[in-house]
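S.K.: The structure that follows is given in the form of structure tokens.
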Amino acid sequence: MPGADVTIPGDASHGDASSPAYANVPAGATRGMVVIHEIFGRQPDIDRVVDRFATRGYAAVAPDLFHEGALRCIRAVMSAMSTGVEVAPVRKALRARQWLCDQAGLATPQVGIVGFCFGGGFALLAGSGWGAVSTNYGEVPPTERMRGIGPVIGCYGGRDLPFRGKGAVLTERLAPLGVVPEVHTFPNAGH
């Protein structure tokens, strides 16, 4: 089941342009994942993550959040972490989820979001209303920015200096929301 480049429709009411993505939607998928790339943007390894999800029966899509400029996206996401204002990259992830639901016949609660590095923090920030959230060595937003988040899994490398210890931060920040994340720290793993 090969994946393919696709286009996620924009939203003229917000001035959001359509965006490129990579997707793999196997027949009969009963769950889905939106895959958020790391700080280097959509790379072949992210496409392979999409394909690995598909081989396990998930419909998956990886929107290119940086197609209109990496710095613009990063600034918007960092601003949203402090202000809580919905930003274009979050709306793009939500549109990718809707596209995936439409393509695979899924309901919103059947779709999770997974992110790596930049995408890990993004997944937590955008995680309200998703079926599940997976952060992989990402920044942890303030508690209030994660209100409404569902089940969370966090994976961190013990040798990853910038993100080492973020599993404990994630647990602490989710506690007031009544969410207990599943946290894994791999002692010999780096970033």
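Chains: A, B, ... in order of the structure tokens. Residues: from 1 per chain. Ligands: from 1, in order shown.
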Could you produce a table of the residues of stretch 152-183 of chain A lying within 6 Å of stretch 124-147 of chain A, with the nearest pair of atoms per residue and their separation in Å rounded to one decimal, using only C-alpha atoms, ordered by chain and increasing residue number, as JSON lines?

M.R.:
```
{"residue": "A:Val152", "atom": "CA", "partner": "A:Val133", "partner_atom": "CA", "distance": 4.8}
{"residue": "A:Ile153", "atom": "CA", "partner": "A:Ser134", "partner_atom": "CA", "distance": 4.8}
{"residue": "A:Gly154", "atom": "CA", "partner": "A:Thr135", "partner_atom": "CA", "distance": 4.8}
{"residue": "A:Cys155", "atom": "CA", "partner": "A:Asn136", "partner_atom": "CA", "distance": 4.8}
{"residue": "A:Tyr156", "atom": "CA", "partner": "A:Tyr137", "partner_atom": "CA", "distance": 4.8}
{"residue": "A:Phe163", "atom": "CA", "partner": "A:Tyr137", "partner_atom": "CA", "distance": 5.9}
{"residue": "A:Arg173", "atom": "CA", "partner": "A:Thr143", "partner_atom": "CA", "distance": 5.0}
```

S.K.: Keeping only N, CA, C and O atoms, take the residues you just selected and write them out as a PDB file, in the first residue's frame.

M.R.:
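Output file result_39.pdb follows:
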```
ATOM      1  N   VAL A 152      -2.364  10.667  26.799  1.00  0.00           N
ATOM      2  CA  VAL A 152      -1.065  11.171  26.340  1.00  0.00           C
ATOM      3  C   VAL A 152       0.012  10.130  26.615  1.00  0.00           C
ATOM      4  O   VAL A 152       0.062   9.536  27.691  1.00  0.00           O
ATOM      5  N   ILE A 153       0.882   9.953  25.624  1.00  0.00           N
ATOM      6  CA  ILE A 153       2.103   9.177  25.814  1.00  0.00           C
ATOM      7  C   ILE A 153       3.272  10.082  25.451  1.00  0.00           C
ATOM      8  O   ILE A 153       3.204  10.826  24.471  1.00  0.00           O
ATOM      9  N   GLY A 154       4.313  10.047  26.280  1.00  0.00           N
ATOM     10  CA  GLY A 154       5.509  10.846  26.033  1.00  0.00           C
ATOM     11  C   GLY A 154       6.732   9.951  26.015  1.00  0.00           C
ATOM     12  O   GLY A 154       6.901   9.119  26.901  1.00  0.00           O
ATOM     13  N   CYS A 155       7.574  10.116  25.011  1.00  0.00           N
ATOM     14  CA  CYS A 155       8.807   9.338  24.899  1.00  0.00           C
ATOM     15  C   CYS A 155       9.996  10.291  24.826  1.00  0.00           C
ATOM     16  O   CYS A 155       9.986  11.248  24.041  1.00  0.00           O
ATOM     17  N   TYR A 156      11.007  10.000  25.654  1.00  0.00           N
ATOM     18  CA  TYR A 156      12.163  10.883  25.772  1.00  0.00           C
ATOM     19  C   TYR A 156      13.445  10.063  25.819  1.00  0.00           C
ATOM     20  O   TYR A 156      13.448   8.934  26.287  1.00  0.00           O
ATOM     21  N   PHE A 163      15.959  17.966  26.220  1.00  0.00           N
ATOM     22  CA  PHE A 163      14.630  17.476  26.594  1.00  0.00           C
ATOM     23  C   PHE A 163      14.660  16.440  27.718  1.00  0.00           C
ATOM     24  O   PHE A 163      13.611  15.940  28.114  1.00  0.00           O
ATOM     25  N   ARG A 173       2.630  18.965  34.680  1.00  0.00           N
ATOM     26  CA  ARG A 173       1.722  19.945  34.052  1.00  0.00           C
ATOM     27  C   ARG A 173       0.364  19.360  33.700  1.00  0.00           C
ATOM     28  O   ARG A 173      -0.625  20.094  33.622  1.00  0.00           O
TER      29      ARG A 173
END
```

S.K.: Got a sec: who's within 7 Å of A:Phe118, counting only C-alpha atoms, leaving out chain neighbours fewer than 4 positions off, as number ranges by chain?

M.R.: A: 38-39, 122, 138

S.K.: Quick one: write out the picked residues with N, CA and C atoms as a PDB file, in the first residue's frame?

M.R.:
```pdb
ATOM      1  N   GLU A  38       9.393  17.148  12.589  1.00  0.00           N
ATOM      2  CA  GLU A  38      10.332  17.826  13.470  1.00  0.00           C
ATOM      3  C   GLU A  38      10.725  19.184  12.900  1.00  0.00           C
ATOM      4  N   ILE A  39      11.707  19.796  13.525  1.00  0.00           N
ATOM      5  CA  ILE A  39      12.127  21.162  13.198  1.00  0.00           C
ATOM      6  C   ILE A  39      12.667  21.296  11.764  1.00  0.00           C
ATOM      7  N   PHE A 122       4.200  20.605  19.621  1.00  0.00           N
ATOM      8  CA  PHE A 122       3.034  20.992  18.838  1.00  0.00           C
ATOM      9  C   PHE A 122       1.861  20.066  19.123  1.00  0.00           C
ATOM     10  N   GLY A 138       9.564  16.459  22.805  1.00  0.00           N
ATOM     11  CA  GLY A 138       9.165  17.820  22.490  1.00  0.00           C
ATOM     12  C   GLY A 138       9.056  18.689  23.722  1.00  0.00           C
TER      13      GLY A 138
END
```

S.K.: Quick one: distance from atom CA of A:Ile8 to atom CA of A:His67 in Å, one decimal?

M.R.: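 So the two atoms, atom CA of A:Ile8 and atom CA of A:His67, lie 11.9 Å apart.
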
S.K.: Distance atom CA of A:Lys166-atom CA of A:Arg75, one decimal place?

M.R.: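 The value is 21.3 Å.
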
S.K.: For atom CA of A:Asn188 and atom CA of A:Cys117, determine how far apart the two atoms are, in Å to one decimal place.

M.R.: 17.4 Å

S.K.: Using DSSP on the backbone coordinates, identify the residues of stretch 11-168 of chain A assigned to strand (DSSP E or B); present them as a tab-separated table (two decimals) with N, CA and C atoms, in the first residue's frame.

M.R.:
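The new file states_8.tsv reads:
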```
chain	number	residue	atom	x	y	z
A	11	ASP	N	-8.58	27.09	4.31
A	11	ASP	CA	-9.79	27.65	4.93
A	11	ASP	C	-9.80	29.15	4.66
A	16	ASP	N	-6.29	30.83	5.43
A	16	ASP	CA	-5.33	29.73	5.43
A	16	ASP	C	-5.31	29.07	4.05
A	19	SER	N	-2.47	23.09	1.79
A	19	SER	CA	-1.10	22.71	2.12
A	19	SER	C	-0.79	21.31	1.63
A	20	PRO	N	0.46	21.09	1.26
A	20	PRO	CA	0.87	19.76	0.84
A	20	PRO	C	0.98	18.82	2.04
A	21	ALA	N	0.84	17.54	1.79
A	21	ALA	CA	0.97	16.53	2.84
A	21	ALA	C	1.34	15.21	2.18
A	22	TYR	N	1.72	14.28	3.02
A	22	TYR	CA	1.96	12.91	2.58
A	22	TYR	C	0.97	12.04	3.33
A	23	ALA	N	0.29	11.13	2.63
A	23	ALA	CA	-0.74	10.31	3.27
A	23	ALA	C	-0.67	8.87	2.80
A	24	ASN	N	-1.15	8.00	3.66
A	24	ASN	CA	-1.32	6.60	3.32
A	24	ASN	C	-2.60	6.16	4.02
A	31	ARG	N	-8.81	3.49	12.45
A	31	ARG	CA	-8.21	4.54	13.26
A	31	ARG	C	-7.25	5.33	12.39
A	32	GLY	N	-6.86	6.49	12.89
A	32	GLY	CA	-5.98	7.33	12.11
A	32	GLY	C	-5.00	8.10	12.96
A	33	MET	N	-3.94	8.59	12.30
A	33	MET	CA	-2.92	9.40	12.95
A	33	MET	C	-2.52	10.56	12.05
A	34	VAL	N	-2.43	11.74	12.66
A	34	VAL	CA	-1.83	12.90	12.00
A	34	VAL	C	-0.42	12.99	12.55
A	35	VAL	N	0.56	12.96	11.66
A	35	VAL	CA	1.97	12.92	12.04
A	35	VAL	C	2.56	14.32	11.83
A	36	ILE	N	3.13	14.87	12.90
A	36	ILE	CA	3.71	16.22	12.84
A	36	ILE	C	5.23	16.09	12.83
A	58	TYR	N	-3.57	1.78	10.29
A	58	TYR	CA	-4.00	3.16	10.53
A	58	TYR	C	-4.02	3.94	9.21
A	59	ALA	N	-4.99	4.81	9.06
A	59	ALA	CA	-4.91	5.83	8.02
A	59	ALA	C	-4.03	6.93	8.59
A	60	ALA	N	-3.09	7.46	7.84
A	60	ALA	CA	-2.16	8.45	8.38
A	60	ALA	C	-1.85	9.53	7.36
A	61	VAL	N	-1.62	10.73	7.89
A	61	VAL	CA	-1.27	11.87	7.05
A	61	VAL	C	-0.28	12.75	7.79
A	62	ALA	N	0.69	13.29	7.05
A	62	ALA	CA	1.68	14.21	7.60
A	62	ALA	C	1.61	15.52	6.84
A	63	PRO	N	0.94	16.53	7.41
A	63	PRO	CA	0.89	17.83	6.74
A	63	PRO	C	2.24	18.53	6.84
A	111	VAL	N	-9.01	9.45	15.76
A	111	VAL	CA	-7.76	9.97	15.19
A	111	VAL	C	-6.90	10.59	16.28
A	112	GLY	N	-5.64	10.17	16.30
A	112	GLY	CA	-4.66	10.73	17.24
A	112	GLY	C	-3.68	11.62	16.51
A	113	ILE	N	-2.83	12.28	17.30
A	113	ILE	CA	-1.78	13.14	16.75
A	113	ILE	C	-0.47	12.73	17.40
A	114	VAL	N	0.57	12.60	16.59
A	114	VAL	CA	1.90	12.25	17.07
A	114	VAL	C	2.89	13.26	16.49
A	115	GLY	N	3.82	13.71	17.33
A	115	GLY	CA	4.81	14.67	16.87
A	115	GLY	C	6.20	14.34	17.38
A	116	PHE	N	7.18	14.83	16.63
A	116	PHE	CA	8.58	14.58	16.93
A	116	PHE	C	9.32	15.92	17.06
A	128	SER	N	-6.00	19.14	22.28
A	128	SER	CA	-7.37	19.16	22.79
A	128	SER	C	-8.33	18.59	21.76
A	133	VAL	N	-2.73	11.57	22.10
A	133	VAL	CA	-1.62	12.46	21.77
A	133	VAL	C	-0.31	11.77	22.13
A	134	SER	N	0.64	11.78	21.19
A	134	SER	CA	1.97	11.24	21.44
A	134	SER	C	3.00	12.31	21.19
A	135	THR	N	3.77	12.62	22.23
A	135	THR	CA	4.86	13.57	22.10
A	135	THR	C	6.17	12.82	22.20
A	136	ASN	N	7.05	13.10	21.28
A	136	ASN	CA	8.35	12.44	21.25
A	136	ASN	C	9.43	13.49	21.32
A	149	ILE	N	-7.10	17.91	26.59
A	149	ILE	CA	-6.28	16.88	25.95
A	149	ILE	C	-6.75	15.50	26.41
A	152	VAL	N	-2.36	10.67	26.80
A	152	VAL	CA	-1.06	11.17	26.34
A	152	VAL	C	0.01	10.13	26.62
A	153	ILE	N	0.88	9.95	25.62
A	153	ILE	CA	2.10	9.18	25.81
A	153	ILE	C	3.27	10.08	25.45
A	154	GLY	N	4.31	10.05	26.28
A	154	GLY	CA	5.51	10.85	26.03
A	154	GLY	C	6.73	9.95	26.02
A	155	CYS	N	7.57	10.12	25.01
A	155	CYS	CA	8.81	9.34	24.90
A	155	CYS	C	10.00	10.29	24.83
A	156	TYR	N	11.01	10.00	25.65
A	156	TYR	CA	12.16	10.88	25.77
A	156	TYR	C	13.44	10.06	25.82
A	157	GLY	N	14.54	10.67	25.37
A	157	GLY	CA	15.84	10.03	25.43
A	157	GLY	C	16.60	10.50	26.65
```
